[in-house]
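This is input-v8.txt. It holds compact mmCIF, C-alpha atoms and all ligand atoms.
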```txt
# COMPACT_ATOMS: atom_id res chain seq x y z
CA MET A 189 -4.66 -6.30 34.03
CA VAL A 190 -5.50 -7.99 37.31
CA ILE A 191 -2.97 -9.06 39.94
CA VAL A 192 -4.12 -11.56 42.58
CA LEU A 193 -1.89 -11.43 45.66
CA LYS A 194 -1.04 -14.39 47.88
CA GLN A 195 -2.78 -14.72 51.26
CA LYS A 196 -1.43 -12.40 53.96
CA PRO A 197 1.17 -10.71 51.77
CA ASP A 198 3.98 -8.67 53.27
CA GLU A 199 2.40 -5.17 53.35
CA ASN A 200 5.71 -3.43 52.70
CA LYS A 201 6.14 -5.42 49.54
CA VAL A 202 2.56 -4.63 48.47
CA GLU A 203 3.26 -0.91 48.97
CA GLU A 204 6.50 -1.24 47.03
CA LEU A 205 4.71 -2.95 44.15
CA MET A 206 1.93 -0.35 44.05
CA LYS A 207 4.49 2.44 44.01
CA ARG A 208 6.26 0.80 41.10
CA LEU A 209 3.02 0.39 39.14
CA ARG A 210 1.91 3.96 39.82
CA GLY A 211 5.35 5.05 38.61
CA MET A 212 4.42 3.47 35.27
CA GLY A 213 1.42 5.79 35.04
CA LEU A 214 -1.16 3.22 36.10
CA ASP A 215 -4.09 3.66 38.45
CA ILE A 216 -4.71 0.85 40.91
CA HIS A 217 -8.06 -0.35 42.18
CA GLN A 218 -7.61 -2.45 45.30
CA SER A 219 -10.08 -5.02 46.44
CA ARG A 220 -9.32 -6.63 49.78
CA GLY A 221 -11.33 -9.75 50.60
CA GLN A 222 -11.03 -12.04 53.58
CA ASN A 223 -8.75 -14.45 51.78
CA SER A 224 -7.24 -12.54 48.96
CA THR A 225 -6.29 -9.12 47.70
CA ILE A 226 -6.79 -8.15 44.09
CA LEU A 227 -5.13 -5.22 42.34
CA GLY A 228 -6.87 -4.00 39.20
CA LEU A 229 -4.55 -1.98 36.97
CA VAL A 230 -6.15 0.76 34.92
CA GLY A 231 -4.31 2.45 32.07
CA ASP A 232 -1.98 1.36 29.29
CA THR A 233 -0.53 -1.95 30.48
CA SER A 234 1.12 -2.90 27.19
CA ALA A 235 4.59 -2.30 28.63
CA VAL A 236 3.92 -4.25 31.84
CA ASP A 237 5.98 -7.45 32.03
CA ILE A 238 3.62 -10.20 33.22
CA ASP A 239 6.46 -12.65 33.83
CA ALA A 240 8.32 -10.21 36.06
CA LEU A 241 5.15 -9.57 38.08
CA SER A 242 4.36 -13.28 38.36
CA ALA A 243 7.84 -13.93 39.73
CA LEU A 244 7.24 -11.67 42.77
CA GLU A 245 6.95 -13.46 46.11
CA ILE A 246 3.63 -11.76 47.02
CA VAL A 247 1.94 -12.48 43.67
CA GLU A 248 -0.34 -15.47 43.16
CA THR A 249 -1.44 -14.86 39.53
CA VAL A 250 -1.54 -12.11 36.92
CA LYS A 251 -4.16 -11.94 34.22
CA ARG A 252 -4.21 -9.68 31.22
CA ILE A 253 -7.69 -8.35 30.47
CA GLN A 254 -6.67 -6.07 27.62
CA GLU A 255 -4.82 -7.34 24.55
CA PRO A 256 -1.05 -6.66 24.53
CA TYR A 257 -1.26 -4.97 21.10
CA LYS A 258 -2.35 -1.36 21.06
CA ASN A 259 -1.63 0.20 17.66
CA ALA A 260 -3.13 -2.77 15.80
CA ASN A 261 -6.11 -3.06 18.15
CA ARG A 262 -9.53 -2.28 16.74
CA LYS A 263 -10.67 -1.13 20.19
CA PHE A 264 -8.40 1.92 19.94
CA HIS A 265 -8.90 2.46 16.21
CA PRO A 266 -12.43 1.34 15.25
CA ALA A 267 -12.29 2.38 11.59
CA ASP A 268 -10.71 0.04 9.03
CA THR A 269 -7.27 1.09 7.86
CA VAL A 270 -7.09 1.72 4.13
CA ILE A 271 -3.63 1.26 2.59
CA GLU A 272 -2.91 3.25 -0.54
CA VAL A 273 -0.27 2.11 -2.99
CA GLY A 274 -0.24 4.57 -5.89
CA SER A 275 -3.84 4.56 -7.08
CA VAL A 276 -4.57 1.14 -5.50
CA LYS A 277 -6.54 1.01 -2.26
CA LEU A 278 -6.62 -2.00 0.05
CA GLY A 279 -8.90 -2.38 3.08
CA GLY A 280 -12.03 -0.66 4.30
CA GLY A 281 -14.14 -2.18 1.53
CA ASN A 282 -11.43 -1.85 -1.14
CA PHE A 283 -10.52 -5.27 -2.55
CA ALA A 284 -7.23 -5.75 -4.42
CA VAL A 285 -5.41 -8.74 -5.89
CA ILE A 286 -1.63 -9.10 -5.94
CA ALA A 287 -0.43 -11.61 -8.54
CA GLY A 288 2.74 -12.74 -10.22
CA PRO A 289 5.35 -15.47 -10.21
CA CYS A 290 6.77 -17.04 -7.08
CA SER A 291 10.20 -15.86 -8.18
CA VAL A 292 11.48 -13.42 -10.74
CA GLU A 293 13.28 -15.48 -13.41
CA SER A 294 13.88 -13.20 -16.40
CA HIS A 295 12.69 -9.98 -18.02
CA GLU A 296 10.61 -11.94 -20.55
CA GLN A 297 8.96 -14.17 -17.93
CA LEU A 298 8.16 -11.34 -15.53
CA CYS A 299 6.87 -8.86 -18.10
CA ALA A 300 4.73 -11.50 -19.83
CA VAL A 301 3.13 -12.54 -16.52
CA ALA A 302 2.76 -8.91 -15.42
CA ALA A 303 0.89 -7.95 -18.61
CA ASP A 304 -1.38 -10.99 -18.29
CA VAL A 305 -2.28 -10.51 -14.61
CA LYS A 306 -2.90 -6.82 -15.21
CA ALA A 307 -5.27 -7.64 -18.08
CA ALA A 308 -7.12 -10.05 -15.77
CA GLY A 309 -7.59 -7.37 -13.10
CA ALA A 310 -4.64 -7.71 -10.73
CA ALA A 311 -3.83 -4.43 -8.97
CA MET A 312 -0.23 -5.20 -8.00
CA LEU A 313 2.61 -7.40 -9.22
CA ARG A 314 4.40 -9.85 -6.93
CA GLY A 315 7.67 -11.65 -7.57
CA GLY A 316 10.38 -12.94 -5.27
CA ALA A 317 13.92 -11.66 -5.79
CA PHE A 318 15.18 -13.11 -2.50
CA LYS A 319 13.70 -16.57 -1.99
CA PRO A 320 13.49 -18.34 1.39
CA ARG A 321 14.01 -21.93 0.21
CA THR A 322 14.00 -24.96 2.49
CA SER A 323 17.02 -26.36 0.64
CA PRO A 324 20.21 -24.34 0.20
CA TYR A 325 20.65 -26.13 -3.14
CA ALA A 326 17.33 -24.83 -4.54
CA PHE A 327 17.11 -21.63 -6.64
CA GLN A 328 17.72 -18.75 -4.25
CA GLY A 329 16.38 -15.93 -6.43
CA LEU A 330 18.03 -13.34 -8.69
CA ARG A 331 18.49 -11.03 -5.69
CA GLY A 332 19.43 -7.43 -6.72
CA GLU A 333 18.97 -8.29 -10.40
CA GLY A 334 15.47 -9.55 -9.57
CA ILE A 335 14.54 -6.20 -8.02
CA LYS A 336 15.81 -4.44 -11.15
CA LEU A 337 13.58 -6.65 -13.30
CA LEU A 338 10.59 -5.91 -11.05
CA LEU A 339 11.18 -2.19 -11.50
CA GLU A 340 11.30 -2.69 -15.27
CA ALA A 341 8.00 -4.59 -15.16
CA LYS A 342 6.52 -1.79 -13.05
CA LYS A 343 7.61 0.73 -15.66
CA GLU A 344 6.12 -1.35 -18.47
CA THR A 345 2.80 -2.11 -16.84
CA GLY A 346 2.31 0.60 -14.23
CA LEU A 347 1.62 -2.07 -11.61
CA PRO A 348 3.04 -1.37 -8.13
CA ILE A 349 5.43 -4.13 -7.01
CA VAL A 350 5.48 -6.33 -3.93
CA THR A 351 8.60 -8.31 -3.05
CA GLU A 352 10.08 -10.05 -0.03
CA ILE A 353 13.00 -8.87 2.08
CA MET A 354 14.88 -11.67 3.85
CA ASP A 355 17.51 -9.68 5.69
CA LEU A 356 18.05 -6.06 6.66
CA SER A 357 21.32 -6.01 4.70
CA GLN A 358 19.11 -6.03 1.56
CA LEU A 359 17.06 -2.99 2.57
CA TYR A 360 19.04 -0.51 0.43
CA LEU A 361 17.75 -2.34 -2.65
CA PHE A 362 14.10 -1.74 -1.67
CA ASP A 363 13.94 2.06 -2.07
CA GLU A 364 11.67 1.92 -5.11
CA VAL A 365 9.73 -1.17 -4.07
CA ASP A 366 6.10 -0.22 -3.36
CA VAL A 367 5.25 -2.86 -0.76
CA ILE A 368 7.86 -4.79 1.23
CA GLN A 369 6.86 -8.35 2.05
CA VAL A 370 7.94 -10.04 5.26
CA GLY A 371 7.64 -13.78 4.67
CA ALA A 372 6.23 -16.38 7.01
CA ARG A 373 9.69 -17.45 8.10
CA ASN A 374 10.64 -13.94 9.14
CA MET A 375 7.39 -12.98 10.89
CA GLN A 376 9.19 -12.94 14.22
CA ASN A 377 12.46 -11.40 13.05
CA PHE A 378 11.93 -8.59 15.53
CA GLU A 379 15.03 -6.56 14.65
CA MET A 380 13.90 -6.48 11.03
CA LEU A 381 10.32 -5.55 12.00
CA LYS A 382 11.64 -2.65 14.12
CA GLU A 383 13.67 -1.32 11.21
CA LEU A 384 10.70 -1.63 8.81
CA GLY A 385 8.72 0.32 11.39
CA ARG A 386 10.87 3.37 10.59
CA LEU A 387 9.90 3.35 6.91
CA HIS A 388 7.03 5.18 5.29
CA LYS A 389 5.82 2.42 3.04
CA PRO A 390 3.38 -0.48 3.33
CA ILE A 391 4.61 -3.76 4.77
CA LEU A 392 2.91 -7.02 3.83
CA LEU A 393 3.30 -9.25 6.87
CA LYS A 394 2.69 -12.96 6.36
CA ARG A 395 1.56 -15.19 9.20
CA GLY A 396 4.28 -17.51 10.50
CA LEU A 397 3.96 -21.23 9.86
CA SER A 398 2.96 -21.93 13.43
CA SER A 399 1.97 -18.54 14.75
CA THR A 400 -1.24 -17.62 16.51
CA LEU A 401 -3.22 -14.61 15.36
CA GLN A 402 -2.17 -12.77 18.50
CA GLU A 403 1.47 -13.43 17.63
CA LEU A 404 0.83 -12.11 14.11
CA LEU A 405 -0.66 -8.95 15.59
CA MET A 406 2.25 -8.57 18.01
CA SER A 407 4.59 -8.66 14.99
CA ALA A 408 2.45 -6.00 13.29
CA GLU A 409 2.73 -4.08 16.57
CA TYR A 410 6.55 -4.10 16.27
CA ILE A 411 6.26 -2.32 12.91
CA MET A 412 3.56 0.08 14.09
CA ALA A 413 5.29 0.94 17.36
CA GLY A 414 8.09 2.45 15.26
CA GLY A 415 5.63 4.79 13.55
CA ASN A 416 4.77 2.87 10.38
CA GLN A 417 1.01 2.22 10.52
CA GLN A 418 0.82 0.74 7.03
CA VAL A 419 0.68 -2.99 7.66
CA ILE A 420 -1.21 -5.54 5.54
CA LEU A 421 -1.77 -8.90 7.21
CA CYS A 422 -1.61 -12.08 5.14
CA GLU A 423 -3.03 -15.49 6.04
CA ARG A 424 -1.02 -18.06 4.05
CA GLY A 425 -1.83 -21.33 5.78
CA ILE A 426 -0.43 -22.87 8.92
CA ARG A 427 1.24 -26.18 9.79
CA THR A 428 -1.13 -28.92 10.91
CA PHE A 429 -1.06 -32.74 10.82
CA GLU A 430 -2.68 -32.69 7.36
CA THR A 431 -0.42 -33.65 4.45
CA ALA A 432 -2.85 -33.45 1.51
CA THR A 433 -2.23 -29.72 1.31
CA ARG A 434 1.07 -27.85 1.70
CA ASN A 435 -0.38 -25.98 4.69
CA THR A 436 -3.86 -25.70 6.15
CA LEU A 437 -5.63 -22.50 5.12
CA ASP A 438 -7.13 -20.93 8.21
CA LEU A 439 -10.06 -19.08 6.67
CA SER A 440 -11.47 -18.34 10.11
CA ALA A 441 -8.48 -16.03 10.53
CA ILE A 442 -10.41 -13.52 8.39
CA PRO A 443 -13.40 -12.91 10.70
CA ALA A 444 -11.22 -13.47 13.77
CA LEU A 445 -8.69 -10.83 12.73
CA ARG A 446 -11.46 -8.54 11.52
CA ALA A 447 -12.72 -8.34 15.11
CA MET A 448 -9.25 -7.97 16.63
CA THR A 449 -7.72 -5.39 14.30
CA HIS A 450 -8.43 -2.56 11.87
CA LEU A 451 -5.59 -3.62 9.54
CA PRO A 452 -6.39 -5.03 6.07
CA ILE A 453 -6.35 -8.83 5.77
CA ILE A 454 -5.42 -10.65 2.59
CA VAL A 455 -5.20 -14.38 1.83
CA ASP A 456 -2.58 -16.30 -0.15
CA PRO A 457 -4.29 -19.47 -1.41
CA SER A 458 -1.18 -20.53 -3.36
CA HIS A 459 1.18 -21.16 -0.44
CA ALA A 460 -1.76 -22.24 1.72
CA THR A 461 -2.70 -25.18 -0.51
CA GLY A 462 0.40 -25.90 -2.61
CA HIS A 463 -1.75 -27.11 -5.52
CA ALA A 464 -2.87 -25.04 -8.50
CA SER A 465 -6.19 -26.92 -8.61
CA MET A 466 -7.07 -25.73 -5.10
CA VAL A 467 -6.25 -22.06 -5.61
CA LYS A 468 -9.51 -20.99 -7.26
CA PRO A 469 -11.88 -22.55 -4.69
CA MET A 470 -9.86 -21.14 -1.79
CA ALA A 471 -9.56 -17.71 -3.45
CA VAL A 472 -13.33 -17.59 -3.88
CA ALA A 473 -13.86 -18.80 -0.31
CA ALA A 474 -11.49 -16.17 1.08
CA ALA A 475 -13.21 -13.40 -0.87
CA ALA A 476 -16.61 -14.63 0.30
CA ALA A 477 -15.38 -14.73 3.90
CA GLY A 478 -14.52 -11.05 3.71
CA ALA A 479 -10.81 -10.88 2.85
CA ASP A 480 -9.61 -7.46 1.67
CA GLY A 481 -7.51 -9.00 -1.06
CA LEU A 482 -5.61 -12.00 -2.36
CA MET A 483 -2.05 -12.86 -3.28
CA ILE A 484 -1.85 -15.45 -6.04
CA GLU A 485 1.12 -17.06 -7.79
CA VAL A 486 0.91 -17.01 -11.59
CA HIS A 487 3.48 -18.34 -14.08
CA ASN A 488 3.51 -18.37 -17.87
CA ASP A 489 5.05 -21.87 -17.85
CA PRO A 490 4.34 -23.51 -14.47
CA ALA A 491 5.90 -26.85 -15.46
CA ASN A 492 9.27 -25.16 -15.88
CA ALA A 493 9.03 -22.61 -13.05
CA LEU A 494 12.17 -22.31 -10.94
CA CYS A 495 10.05 -22.21 -7.78
CA ASP A 496 6.54 -23.33 -6.76
CA GLY A 497 5.36 -24.34 -10.26
CA GLN A 498 2.95 -26.93 -8.81
CA GLN A 499 0.90 -24.21 -7.11
CA SER A 500 1.18 -21.58 -9.85
CA LEU A 501 -1.80 -20.75 -12.04
CA THR A 502 -1.40 -20.18 -15.77
CA PRO A 503 -2.54 -16.72 -16.89
CA GLY A 504 -5.72 -18.33 -18.24
CA GLN A 505 -6.48 -20.03 -14.92
CA PHE A 506 -5.81 -16.76 -13.14
CA ALA A 507 -8.26 -14.87 -15.36
CA ASP A 508 -10.87 -17.55 -14.66
CA THR A 509 -10.20 -17.30 -10.90
CA MET A 510 -10.51 -13.51 -11.02
CA GLN A 511 -13.94 -13.80 -12.65
CA ALA A 512 -15.12 -16.21 -9.98
CA VAL A 513 -13.77 -13.94 -7.23
CA GLN A 514 -15.44 -10.85 -8.73
CA ALA A 515 -18.72 -12.73 -8.90
CA VAL A 516 -18.71 -13.53 -5.19
CA LEU A 517 -17.54 -10.12 -3.92
CA PRO A 518 -21.00 -8.49 -3.81
CA PHE A 519 -22.08 -11.26 -1.40
CA ALA A 520 -18.98 -11.24 0.80
CA CYS A 521 -19.37 -11.22 4.59
CA ARG A 522 -18.11 -8.00 6.06
C1 LIG B 601 6.20 -16.00 -0.97
O1 LIG B 601 5.14 -15.36 -0.93
O2 LIG B 601 6.97 -15.96 -1.94
C2 LIG B 601 6.58 -16.86 0.16
C3 LIG B 601 7.80 -17.37 0.28
O3 LIG B 601 5.56 -17.06 1.02
P1 LIG B 601 5.57 -17.54 2.56
O4 LIG B 601 6.49 -16.63 3.30
O5 LIG B 601 4.14 -17.40 2.94
O6 LIG B 601 6.04 -18.97 2.56
MN MN B 602 6.12 -19.32 -3.72
```
Could I get this file's structure written as structure tokens?
Amino acid sequence: MVIVLKQKPDENKVEELMKRLRGMGLDIHQSRGQNSTILGLVGDTSAVDIDALSALEIVETVKRIQEPYKNANRKFHPADTVIEVGSVKLGGGNFAVIAGPCSVESHEQLCAVAADVKAAGAAMLRGGAFKPRTSPYAFQGLRGEGIKLLLEAKKETGLPIVTEIMDLSQLYLFDEVDVIQVGARNMQNFEMLKELGRLHKPILLKRGLSSTLQELLMSAEYIMAGGNQQVILCERGIRTFETATRNTLDLSAIPALRAMTHLPIIVDPSHATGHASMVKPMAVAAAAAGADGLMIEVHNDPANALCDGQQSLTPGQFADTMQAVQAVLPFACR
């Protein structure tokens, strides 16, 4: 971090500032020119408050040179993180697909879809028990009952389960859930992220609707700062001016994040596009671009799905998509 001081600053205040910064364990390199003084801070500046520094009378500007995320930063952890869920590995060259319905509807629906996605090569089962719906009148999910059904499907198929938490008050229901999903709308629910940081299980963190990649990594940092290093990042499309798709899939997030972080990166082409017909091409594109995995919505009867039927693949379409994805994996950019 570099602090540029105003011309002819009050020397007492400069001394005071340097003392404060040294007190934070930082080394200071001073460079005094004719017109300006520059303080270069060396050390871990992640806890330094730029706004507080900028507000000081003697400070002209403050510039961060190092990224504000440390645990998630590839610079401090060059090797890819591999997340293990039972016998499934994700990241570091291990590709895995999570598939299942948008929401858990019944034992029959979930177990039928689970068996089909497993047969097609899915490594984990998804299904929403708590659903973040735009309308309060839309189906809100089976809640605790939905988690019970997911555990039954896990028992039947052996697939680890991934499901979304919407509020910390639900956490007690997630003891046997293999991967806890934090949805796009909760990406910056910092109190929840802190609490999930105390757990010893993988967290699937979806990118917020209008969040930058740095903001996504700062949210991962909240979880990791608490001690939980098992974070899977998920690109699921962002809000743009385009209306032909539900969101705009930011495929460049894959190579961009790859350079910024060691955490595994998966792509959700279902919520990104909002149309079943667009899921296969975007799944293949994401795999080719180097994603570590995919999350795809599959329903045995999309026309009658209680949530997101228009973007759900039939089991047959999912099997076809899996084949296309497998075919491109040997040529993926990594
Ligand atoms: C989901 O995966 O069920 C979901 C609600 O996704 P998102 O948070 O990306 O909208
Ligand atoms: Mn959905």
Distance CA of Thr233 in chain A-CA of Leu445 in chain A, one decimal place? 21.5 Å
Grab me every residue within 12 Å of ligand MN 602 (chain B), counting only C-alpha atoms and all ligand atoms, and send it over as a compact mmCIF listing (two decimals) with C-alpha atoms, keeping the file's coordinate frame.
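Dumped everything to out_30.txt:
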```txt
# COMPACT_ATOMS: atom_id res chain seq x y z
CA ALA A 287 -0.43 -11.61 -8.54
CA GLY A 288 2.74 -12.74 -10.22
CA PRO A 289 5.35 -15.47 -10.21
CA CYS A 290 6.77 -17.04 -7.08
CA SER A 291 10.20 -15.86 -8.18
CA VAL A 292 11.48 -13.42 -10.74
CA ARG A 314 4.40 -9.85 -6.93
CA GLY A 315 7.67 -11.65 -7.57
CA GLY A 316 10.38 -12.94 -5.27
CA ALA A 317 13.92 -11.66 -5.79
CA PHE A 318 15.18 -13.11 -2.50
CA LYS A 319 13.70 -16.57 -1.99
CA PRO A 320 13.49 -18.34 1.39
CA ARG A 321 14.01 -21.93 0.21
CA THR A 322 14.00 -24.96 2.49
CA PHE A 327 17.11 -21.63 -6.64
CA GLN A 328 17.72 -18.75 -4.25
CA GLY A 329 16.38 -15.93 -6.43
CA THR A 351 8.60 -8.31 -3.05
CA GLU A 352 10.08 -10.05 -0.03
CA GLY A 371 7.64 -13.78 4.67
CA ALA A 372 6.23 -16.38 7.01
CA ARG A 424 -1.02 -18.06 4.05
CA ARG A 434 1.07 -27.85 1.70
CA ASP A 456 -2.58 -16.30 -0.15
CA PRO A 457 -4.29 -19.47 -1.41
CA SER A 458 -1.18 -20.53 -3.36
CA HIS A 459 1.18 -21.16 -0.44
CA ALA A 460 -1.76 -22.24 1.72
CA THR A 461 -2.70 -25.18 -0.51
CA GLY A 462 0.40 -25.90 -2.61
CA HIS A 463 -1.75 -27.11 -5.52
CA ALA A 464 -2.87 -25.04 -8.50
CA MET A 483 -2.05 -12.86 -3.28
CA ILE A 484 -1.85 -15.45 -6.04
CA GLU A 485 1.12 -17.06 -7.79
CA VAL A 486 0.91 -17.01 -11.59
CA HIS A 487 3.48 -18.34 -14.08
CA PRO A 490 4.34 -23.51 -14.47
CA ALA A 493 9.03 -22.61 -13.05
CA LEU A 494 12.17 -22.31 -10.94
CA CYS A 495 10.05 -22.21 -7.78
CA ASP A 496 6.54 -23.33 -6.76
CA GLY A 497 5.36 -24.34 -10.26
CA GLN A 498 2.95 -26.93 -8.81
CA GLN A 499 0.90 -24.21 -7.11
CA SER A 500 1.18 -21.58 -9.85
CA LEU A 501 -1.80 -20.75 -12.04
```
Measuring between only C-alpha atoms, which one of A:Ile238, A:Ile349, A:Ala307, A:Val250 shows the shortest distance to Gln511 in chain A?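 Ranking A:Ile238, A:Ile349, A:Ala307, A:Val250 by distance to Gln511 in chain A, first place goes to A:Ala307.
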Radius query 9 Å about (-4.6, -3.0, 13.6), atoms used: only C-alpha atoms, as a PDB file with C-alpha atoms, in the frame of the given file:
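Final output, point-v4.pdb:
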```pdb
ATOM      1  CA  TYR A 257      -1.260  -4.970  21.100  1.00  0.00           C
ATOM      2  CA  LYS A 258      -2.350  -1.360  21.060  1.00  0.00           C
ATOM      3  CA  ASN A 259      -1.630   0.200  17.660  1.00  0.00           C
ATOM      4  CA  ALA A 260      -3.130  -2.770  15.800  1.00  0.00           C
ATOM      5  CA  ASN A 261      -6.110  -3.060  18.150  1.00  0.00           C
ATOM      6  CA  ARG A 262      -9.530  -2.280  16.740  1.00  0.00           C
ATOM      7  CA  PHE A 264      -8.400   1.920  19.940  1.00  0.00           C
ATOM      8  CA  HIS A 265      -8.900   2.460  16.210  1.00  0.00           C
ATOM      9  CA  ASP A 268     -10.710   0.040   9.030  1.00  0.00           C
ATOM     10  CA  THR A 269      -7.270   1.090   7.860  1.00  0.00           C
ATOM     11  CA  LEU A 405      -0.660  -8.950  15.590  1.00  0.00           C
ATOM     12  CA  ALA A 408       2.450  -6.000  13.290  1.00  0.00           C
ATOM     13  CA  GLU A 409       2.730  -4.080  16.570  1.00  0.00           C
ATOM     14  CA  MET A 412       3.560   0.080  14.090  1.00  0.00           C
ATOM     15  CA  GLN A 417       1.010   2.220  10.520  1.00  0.00           C
ATOM     16  CA  VAL A 419       0.680  -2.990   7.660  1.00  0.00           C
ATOM     17  CA  LEU A 445      -8.690 -10.830  12.730  1.00  0.00           C
ATOM     18  CA  MET A 448      -9.250  -7.970  16.630  1.00  0.00           C
ATOM     19  CA  THR A 449      -7.720  -5.390  14.300  1.00  0.00           C
ATOM     20  CA  HIS A 450      -8.430  -2.560  11.870  1.00  0.00           C
ATOM     21  CA  LEU A 451      -5.590  -3.620   9.540  1.00  0.00           C
ATOM     22  CA  PRO A 452      -6.390  -5.030   6.070  1.00  0.00           C
TER      23      PRO A 452
END
```
The distance between CA of Leu227 in chain A and CA of Val190 in chain A is 5.8 Å
Using all atoms listed in the file, which of the listed residues (A:His217, A:Lys389, A:Arg427, A:Arg373) sits closest to ligand LIG 601 (chain B)? A:Arg373
Distance CA of Leu193 in chain A-CA of Arg220 in chain A, one decimal place?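 Those two atoms sit 9.8 Å apart.
Within 10 Å of the point (-13.0, -16.8, -13.6) in file coordinates, and counting only C-alpha atoms, lie the residues Ala308, Lys468, Val472, Gly504, Gln505, Phe506, Ala507, Asp508, Thr509, Met510, Gln511, Ala512, Val513, Gln514 and Ala515 of chain A.
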Around all the atoms of ligand LIG 601 (chain B) listed in the file, draw an axis-aligned box and extend it by 5 Å on each of the six sides; I want its centre and edge lengths in Å to one decimal, as lines of an AutoDock Vina configuration file.
```
center_x = 6.0
center_y = -17.2
center_z = 0.7
size_x = 13.7
size_y = 13.6
size_z = 15.2
```
Please list as a VMD selection string every residue within 12 Å of Ser234 in chain A, counting all atoms listed in the file and excluding residues in the same chain fewer than 5 positions away. chain A and resid 189 212 to 214 229 252 to 259 261 406 409 413
Between A:Val370, A:Ala479, A:Val455, A:Leu338, which is the closest to Leu298 in chain A once you count only C-alpha atoms?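 The closest residue to Leu298 in chain A is A:Leu338.
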When distances are computed from all atoms listed in the file, which of A:Gly425, A:Gly481, A:Pro348, A:Pro390 shows the smallest separation from ligand LIG 601 (chain B)?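 Once distances to ligand LIG 601 (chain B) are computed over all atoms listed in the file, the minimum belongs to A:Gly425.
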